[in-house]
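S.K.: So I've got this file, my_file_23.pdb, and it contains PDB, C-alpha atoms:
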```pdb
MODEL        1
ATOM      1  CA  MET A   1     185.266  96.658 100.014
ATOM      2  CA  GLU A   2     182.237  98.787 100.804
ATOM      3  CA  LYS A   3     181.208  98.698 104.450
ATOM      4  CA  PRO A   4     177.749  97.702 105.719
ATOM      5  CA  LEU A   5     175.856 100.919 106.438
ATOM      6  CA  LEU A   6     173.314 101.641 109.137
ATOM      7  CA  ILE A   7     170.517 103.587 107.472
ATOM      8  CA  LYS A   8     167.617 104.278 109.843
ATOM      9  CA  ASP A   9     165.836 100.958 110.462
ATOM     10  CA  ARG A  10     168.052  98.707 108.345
ATOM     11  CA  VAL A  11     171.615  97.797 107.530
ATOM     12  CA  VAL A  12     172.579  97.839 103.863
ATOM     13  CA  VAL A  13     175.375  95.552 102.674
ATOM     14  CA  LEU A  14     176.761  96.999  99.450
ATOM     15  CA  ASP A  15     179.780  94.712  98.969
ATOM     16  CA  HIS A  16     178.562  91.900  96.700
ATOM     17  CA  ALA A  17     180.888  89.200  98.090
ATOM     18  CA  LEU A  18     179.968  89.954 101.709
ATOM     19  CA  ALA A  19     176.274  90.203 100.809
ATOM     20  CA  SER A  20     176.348  86.803  99.075
ATOM     21  CA  ARG A  21     178.212  85.128 101.954
ATOM     22  CA  THR A  22     175.849  86.637 104.524
ATOM     23  CA  PHE A  23     172.745  85.561 102.626
ATOM     24  CA  ASN A  24     174.021  82.090 101.747
ATOM     25  CA  LYS A  25     175.152  81.323 105.319
ATOM     26  CA  GLY A  26     171.745  81.412 106.959
ATOM     27  CA  ARG A  27     169.408  83.281 104.602
ATOM     28  CA  PHE A  28     169.944  86.610 106.344
ATOM     29  CA  GLY A  29     168.420  89.665 104.676
ATOM     30  CA  ALA A  30     166.793  90.178 101.312
ATOM     31  CA  PHE A  31     168.279  91.487  98.084
ATOM     32  CA  GLU A  32     166.923  94.761  96.693
ATOM     33  CA  ASP A  33     168.580  96.331  93.643
ATOM     34  CA  GLY A  34     171.731  94.243  94.135
ATOM     35  CA  LYS A  35     172.118  95.258  97.800
ATOM     36  CA  LEU A  36     171.498  93.040 100.789
ATOM     37  CA  ILE A  37     169.056  94.656 103.218
ATOM     38  CA  LEU A  38     169.208  93.401 106.814
ATOM     39  CA  SER A  39     166.543  94.033 109.438
ATOM     40  CA  LEU A  40     167.744  95.455 112.733
ATOM     41  CA  GLU A  41     167.322  92.043 114.379
ATOM     42  CA  GLU A  42     169.316  90.284 111.652
ATOM     43  CA  ALA A  43     172.079  92.884 111.847
ATOM     44  CA  MET A  44     172.220  92.690 115.665
ATOM     45  CA  TYR A  45     172.433  88.903 115.503
ATOM     46  CA  LEU A  46     175.204  88.997 112.900
ATOM     47  CA  LYS A  47     177.088  91.671 114.840
ATOM     48  CA  GLU A  48     176.799  89.765 118.114
ATOM     49  CA  LYS A  49     177.401  86.237 116.793
ATOM     50  CA  ARG A  50     179.651  86.770 113.761
ATOM     51  CA  GLY A  51     181.257  90.139 114.421
ATOM     52  CA  LEU A  52     179.636  91.968 111.494
ATOM     53  CA  GLU A  53     181.150  95.448 111.293
ATOM     54  CA  ILE A  54     178.501  98.126 110.814
ATOM     55  CA  TYR A  55     179.220 101.759 109.996
ATOM     56  CA  ASP A  56     177.220 104.961 110.227
ATOM     57  CA  ARG A  57     176.841 107.417 107.323
ATOM     58  CA  ASN A  58     180.040 109.202 108.436
ATOM     59  CA  GLY A  59     182.077 106.017 108.043
ATOM     60  CA  LYS A  60     182.469 105.507 111.798
ATOM     61  CA  ALA A  61     182.192 101.965 113.179
ATOM     62  CA  VAL A  62     179.114 101.400 115.319
ATOM     63  CA  THR A  63     179.717  99.508 118.577
ATOM     64  CA  LEU A  64     177.419  96.721 119.720
ATOM     65  CA  LYS A  65     176.200  98.902 122.599
ATOM     66  CA  GLY A  66     175.683 101.877 120.272
ATOM     67  CA  PHE A  67     173.800  99.722 117.784
ATOM     68  CA  LEU A  68     171.546  98.407 120.553
ATOM     69  CA  ARG A  69     170.779 101.979 121.696
ATOM     70  CA  HIS A  70     169.946 102.944 118.092
ATOM     71  CA  CYS A  71     167.600  99.954 117.729
ATOM     72  CA  GLU A  72     165.847 100.619 121.034
ATOM     73  CA  LYS A  73     165.239 104.247 120.029
ATOM     74  CA  LEU A  74     163.550 103.127 116.816
ATOM     75  CA  GLN A  75     161.578 100.205 118.264
ATOM     76  CA  LYS A  76     160.433 100.353 121.872
ATOM     77  CA  ARG A  77     159.955  96.554 121.872
ATOM     78  CA  PHE A  78     163.301  95.826 120.238
ATOM     79  CA  TRP A  79     164.784  93.797 123.098
ATOM     80  CA  ALA A  80     161.788  91.400 123.227
ATOM     81  CA  ARG A  81     161.805  91.066 119.439
ATOM     82  CA  TYR A  82     165.546  90.442 119.337
ATOM     83  CA  SER A  83     165.455  87.930 122.211
ATOM     84  CA  VAL A  84     162.844  85.871 120.354
ATOM     85  CA  PHE A  85     164.686  86.253 117.025
ATOM     86  CA  LYS A  86     167.973  85.074 118.563
ATOM     87  CA  ASP A  87     166.317  82.124 120.311
ATOM     88  CA  LEU A  88     164.633  80.930 117.117
ATOM     89  CA  ARG A  89     167.798  81.337 115.011
ATOM     90  CA  ALA A  90     169.766  79.379 117.613
ATOM     91  CA  ALA A  91     167.183  76.590 117.267
ATOM     92  CA  GLY A  92     167.718  76.471 113.486
ATOM     93  CA  HIS A  93     164.709  78.436 112.239
ATOM     94  CA  ILE A  94     164.763  81.094 109.533
ATOM     95  CA  VAL A  95     163.076  84.246 110.825
ATOM     96  CA  LYS A  96     161.892  87.110 108.601
ATOM     97  CA  THR A  97     159.865  90.241 109.298
ATOM     98  CA  ALA A  98     156.072  89.990 109.056
ATOM     99  CA  PHE A  99     154.941  93.598 109.084
ATOM    100  CA  LYS A 100     152.567  93.077 106.159
ATOM    101  CA  TYR A 101     150.809  90.406 108.237
ATOM    102  CA  GLY A 102     150.626  92.652 111.290
ATOM    103  CA  GLY A 103     153.108  90.495 113.199
ATOM    104  CA  ASP A 104     156.722  90.712 114.222
ATOM    105  CA  PHE A 105     158.125  87.746 112.279
ATOM    106  CA  ARG A 106     157.379  84.937 109.870
ATOM    107  CA  VAL A 107     158.974  81.746 111.184
ATOM    108  CA  TYR A 108     160.060  78.970 108.852
ATOM    109  CA  GLY A 109     160.432  75.400 110.063
ATOM    110  CA  LYS A 110     163.888  73.898 110.419
ATOM    111  CA  GLY A 111     165.339  73.113 107.008
ATOM    112  CA  SER A 112     162.879  75.253 105.025
ATOM    113  CA  HIS A 113     163.700  78.612 103.475
ATOM    114  CA  PRO A 114     161.837  81.653 102.167
ATOM    115  CA  GLY A 115     161.086  81.183  98.494
ATOM    116  CA  GLU A 116     161.084  77.396  98.854
ATOM    117  CA  GLY A 117     157.887  77.235 100.871
ATOM    118  CA  HIS A 118     155.649  79.224 103.146
ATOM    119  CA  ALA A 119     156.256  80.080 106.774
ATOM    120  CA  PRO A 120     153.872  78.100 108.960
ATOM    121  CA  TRP A 121     153.808  80.757 111.706
ATOM    122  CA  ILE A 122     153.339  84.468 112.240
ATOM    123  CA  LEU A 123     155.059  85.359 115.480
ATOM    124  CA  TYR A 124     154.308  88.103 117.983
ATOM    125  CA  ALA A 125     157.032  88.871 120.528
ATOM    126  CA  ALA A 126     156.244  90.245 123.976
ATOM    127  CA  THR A 127     157.641  90.473 127.463
ATOM    128  CA  GLU A 128     155.956  88.623 130.311
ATOM    129  CA  HIS A 129     154.662  91.983 131.602
ATOM    130  CA  GLU A 130     152.795  92.972 128.428
ATOM    131  CA  GLY A 131     149.114  92.327 128.057
ATOM    132  CA  ILE A 132     146.943  91.904 125.001
ATOM    133  CA  ASN A 133     143.294  92.784 124.749
ATOM    134  CA  PHE A 134     140.780  90.360 123.333
ATOM    135  CA  LEU A 135     140.002  92.405 120.200
ATOM    136  CA  LYS A 136     143.690  92.527 119.207
ATOM    137  CA  PHE A 137     144.030  88.821 119.985
ATOM    138  CA  ALA A 138     141.040  88.020 117.775
ATOM    139  CA  ALA A 139     142.392  90.229 114.955
ATOM    140  CA  ILE A 140     145.791  88.513 115.112
ATOM    141  CA  ASN A 141     144.176  85.086 114.809
ATOM    142  CA  ARG A 142     141.881  86.216 111.996
ATOM    143  CA  ILE A 143     144.763  87.565 109.909
ATOM    144  CA  ALA A 144     146.855  84.456 110.481
ATOM    145  CA  HIS A 145     143.966  82.183 109.572
ATOM    146  CA  SER A 146     143.271  84.152 106.378
ATOM    147  CA  VAL A 147     146.875  83.604 105.176
ATOM    148  CA  LYS A 148     146.912  79.953 106.298
ATOM    149  CA  LYS A 149     149.368  80.413 109.151
ATOM    150  CA  LYS A 150     149.320  79.638 112.834
ATOM    151  CA  VAL A 151     149.934  82.297 115.465
ATOM    152  CA  LEU A 152     153.005  81.907 117.626
ATOM    153  CA  PHE A 153     153.549  84.100 120.673
ATOM    154  CA  GLY A 154     157.121  84.343 121.953
ATOM    155  CA  VAL A 155     157.074  85.589 125.544
ATOM    156  CA  VAL A 156     160.366  86.767 127.052
ATOM    157  CA  ASP A 157     160.706  86.577 130.836
ATOM    158  CA  ASP A 158     162.850  88.803 133.040
ATOM    159  CA  GLU A 159     165.784  86.366 132.773
ATOM    160  CA  GLY A 160     165.673  86.472 128.958
ATOM    161  CA  SER A 161     164.208  82.987 128.463
ATOM    162  CA  VAL A 162     161.563  82.612 125.782
ATOM    163  CA  THR A 163     158.404  80.517 126.047
ATOM    164  CA  TYR A 164     156.306  79.897 122.933
ATOM    165  CA  TYR A 165     152.543  79.564 122.670
ATOM    166  CA  GLU A 166     150.933  78.408 119.438
ATOM    167  CA  MET A 167     147.379  79.491 118.652
ATOM    168  CA  GLY A 168     144.997  78.298 115.979
ATOM    169  CA  TRP A 169     141.348  77.924 115.106
ATOM    170  CA  VAL A 170     139.358  75.019 116.451
ATOM    171  CA  ARG A 171     136.027  73.907 114.994
ATOM    172  CA  ILE A 172     133.541  72.355 117.381
TER     173      ILE A 172
ENDMDL
END
```
Could you express the structure from this file as structure tokens?
M.R.:
Amino acid sequence: MEKPLLIKDRVVVLDHALASRTFNKGRFGAFEDGKLILSLEEAMYLKEKRGLEIYDRNGKAVTLKGFLRHCEKLQKRFWARYSVFKDLRAAGHIVKTAFKYGGDFRVYGKGSHPGEGHAPWILYAATEHEGINFLKFAAINRIAHSVKKKVLFGVVDDEGSVTYYEMGWVRI
């Protein structure tokens, strides 16, 4: 069995049986050229919740703490992003990256899956201490509106709880 490999900002699952099980039990990752590609948030969730073993390029197992350090080096907002990701997955939502929409995640409603419908929300994760200027806020809403999605802000407080705010256009 080939081991899941940490390669920069993703984890690649080469073993076909493990890749299929991982994808089919929660729609984690996306297949590219027969390999399952996991985002850092998906891999962290699977490592934390299901004990996914992840290895570096030298074949050495990566600890949960070591994986978290790696993720935080690559993404300064990783902990906020992961906290929101974990909260939404625990609530039964499918969560996928949304970089091409300028957001953190696409969020699918409970019971719906990528490929079977569209995500109703583009989510932006933040801590309670982050601010957002009006121009960025307007741009976020404009992009979401143009792709027929609502904006969802997931704000993580100092205790790790997440509060969600949904934004949308109103005509008056």
S.K.: Residues near Lys47 of chain A, anyone? I mean within 9 Å using all atoms listed in the file, not counting same-chain ones fewer than 6 positions away, as a list in words.
M.R.: Glu53, Ile54 and Leu64 of chain A
S.K.: Would you translate the PyMOL selection byres ((chain A and resi 165) around 9) into the concrete set of residues it matches in this file, as a list in words?
M.R.: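 Selection result, ordered by chain and number: Val151, Leu152, Phe153, Gly154, Val155, Thr163, Tyr164, Glu166 and Met167 of chain A.
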S.K.: Quick one: of A:Glu128, A:Glu116, A:Glu2, A:Asp87, who's nearest to Tyr45 of chain A, counting all atoms listed in the file?
M.R.: A:Asp87
S.K.: Find the spatial neighbours of segment 26-41 of chain A, counting all atoms listed in the file, within a cut-off of 7 Å - ignore same-chain residues fewer than 4 positions away - and output them as a ChimeraX atom specification.
M.R.: /A:9-14,19,22,45,71,82,85
S.K.: Between atom CA of His70 of chain A and atom CA of Asp56 of chain A, what is the distance, to one decimal in Å?
M.R.: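 Spanning atom CA of His70 of chain A to atom CA of Asp56 of chain A is a straight-line distance of 10.9 Å.
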S.K.: Expressed in Å to a single decimal, how great is the separation between atom CA of Phe23 of chain A and atom CA of Leu52 of chain A?
M.R.: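 Going from atom CA of Phe23 of chain A over to atom CA of Leu52 of chain A covers 12.9 Å.
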S.K.: Looking at A:Tyr108, A:Trp169, A:Tyr124, A:Phe134, which one is nearest to Ser83 of chain A, with distances taken over all atoms listed in the file?
M.R.: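 The closest residue to Ser83 of chain A is A:Tyr124.
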S.K.: Restricting the calculation to all atoms listed in the file: of A:Asp158, A:Val107, A:Asn141, A:Leu135, which residue gets closest to Ala119 of chain A?
M.R.: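 Of A:Asp158, A:Val107, A:Asn141, A:Leu135, the one nearest Ala119 of chain A, counting all atoms listed in the file, is A:Val107.
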S.K.: Which distance in Å separates atom CA of Arg142 of chain A and atom CA of Gly102 of chain A, to one decimal?
M.R.: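 Those two atoms sit 10.9 Å apart.
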S.K.: The PyMOL selection byres ((chain A and resi 98) around 12) on the file shown: which residues, as a PDB file with C-alpha atoms, keeping the file's coordinate frame?
M.R.:
```
ATOM      1  CA  SER A  39     166.543  94.033 109.438  1.00  0.00           C
ATOM      2  CA  ARG A  81     161.805  91.066 119.439  1.00  0.00           C
ATOM      3  CA  VAL A  95     163.076  84.246 110.825  1.00  0.00           C
ATOM      4  CA  LYS A  96     161.892  87.110 108.601  1.00  0.00           C
ATOM      5  CA  THR A  97     159.865  90.241 109.298  1.00  0.00           C
ATOM      6  CA  PHE A  99     154.941  93.598 109.084  1.00  0.00           C
ATOM      7  CA  LYS A 100     152.567  93.077 106.159  1.00  0.00           C
ATOM      8  CA  TYR A 101     150.809  90.406 108.237  1.00  0.00           C
ATOM      9  CA  GLY A 102     150.626  92.652 111.290  1.00  0.00           C
ATOM     10  CA  GLY A 103     153.108  90.495 113.199  1.00  0.00           C
ATOM     11  CA  ASP A 104     156.722  90.712 114.222  1.00  0.00           C
ATOM     12  CA  PHE A 105     158.125  87.746 112.279  1.00  0.00           C
ATOM     13  CA  ARG A 106     157.379  84.937 109.870  1.00  0.00           C
ATOM     14  CA  VAL A 107     158.974  81.746 111.184  1.00  0.00           C
ATOM     15  CA  TYR A 108     160.060  78.970 108.852  1.00  0.00           C
ATOM     16  CA  ALA A 119     156.256  80.080 106.774  1.00  0.00           C
ATOM     17  CA  TRP A 121     153.808  80.757 111.706  1.00  0.00           C
ATOM     18  CA  ILE A 122     153.339  84.468 112.240  1.00  0.00           C
ATOM     19  CA  LEU A 123     155.059  85.359 115.480  1.00  0.00           C
ATOM     20  CA  TYR A 124     154.308  88.103 117.983  1.00  0.00           C
ATOM     21  CA  ALA A 125     157.032  88.871 120.528  1.00  0.00           C
ATOM     22  CA  ILE A 143     144.763  87.565 109.909  1.00  0.00           C
ATOM     23  CA  ALA A 144     146.855  84.456 110.481  1.00  0.00           C
ATOM     24  CA  VAL A 147     146.875  83.604 105.176  1.00  0.00           C
ATOM     25  CA  LYS A 149     149.368  80.413 109.151  1.00  0.00           C
ATOM     26  CA  VAL A 151     149.934  82.297 115.465  1.00  0.00           C
TER      27      VAL A 151
END
```
S.K.: Counting all atoms listed in the file, figure out which residue out of A:His129, A:Pro120, A:Phe78, A:Phe137 gets nearest to Lys150 of chain A.
M.R.: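 Between A:His129, A:Pro120, A:Phe78, A:Phe137, the residue approaching Lys150 of chain A most closely is A:Pro120.
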S.K.: If we count all atoms listed in the file and set the cut-off at 6 Å, which residues sit around His93 of chain A, ignoring sequence neighbours fewer than 3 positions away in its own chain? Please answer as a PyMOL selection string.
M.R.: chain A and resi 88-89+108-110
S.K.: Kindly indicate which residue among A:Leu6, A:Thr127, A:Ala90, A:Val156 lies nearest to Thr63 of chain A, using only C-alpha atoms for the distances.
M.R.: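 Between A:Leu6, A:Thr127, A:Ala90, A:Val156, the residue approaching Thr63 of chain A most closely is A:Leu6.
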S.K.: Would you mind telling me which residue in A:Ser161, A:Lys25, A:Gly117, A:Lys86 lies nearest to Lys49 of chain A when using all atoms listed in the file?
M.R.: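 Nearest candidate to Lys49 of chain A out of A:Ser161, A:Lys25, A:Gly117, A:Lys86: A:Lys86.
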S.K.: Run the PyMOL selection byres ((chain A and resi 59) around 10) against the file shown and list the residues it catches, as a PyMOL selection string.
M.R.: chain A and resi 3-6+54-58+60-62
S.K.: For the selection just defined, write its residues with C-alpha atoms to a file, as a PDB file, in the frame of the given file.
M.R.:
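Below is the file that was written, out-v1.pdb:
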```
ATOM      1  CA  LYS A   3     181.208  98.698 104.450  1.00  0.00           C
ATOM      2  CA  PRO A   4     177.749  97.702 105.719  1.00  0.00           C
ATOM      3  CA  LEU A   5     175.856 100.919 106.438  1.00  0.00           C
ATOM      4  CA  LEU A   6     173.314 101.641 109.137  1.00  0.00           C
ATOM      5  CA  ILE A  54     178.501  98.126 110.814  1.00  0.00           C
ATOM      6  CA  TYR A  55     179.220 101.759 109.996  1.00  0.00           C
ATOM      7  CA  ASP A  56     177.220 104.961 110.227  1.00  0.00           C
ATOM      8  CA  ARG A  57     176.841 107.417 107.323  1.00  0.00           C
ATOM      9  CA  ASN A  58     180.040 109.202 108.436  1.00  0.00           C
ATOM     10  CA  LYS A  60     182.469 105.507 111.798  1.00  0.00           C
ATOM     11  CA  ALA A  61     182.192 101.965 113.179  1.00  0.00           C
ATOM     12  CA  VAL A  62     179.114 101.400 115.319  1.00  0.00           C
TER      13      VAL A  62
END
```
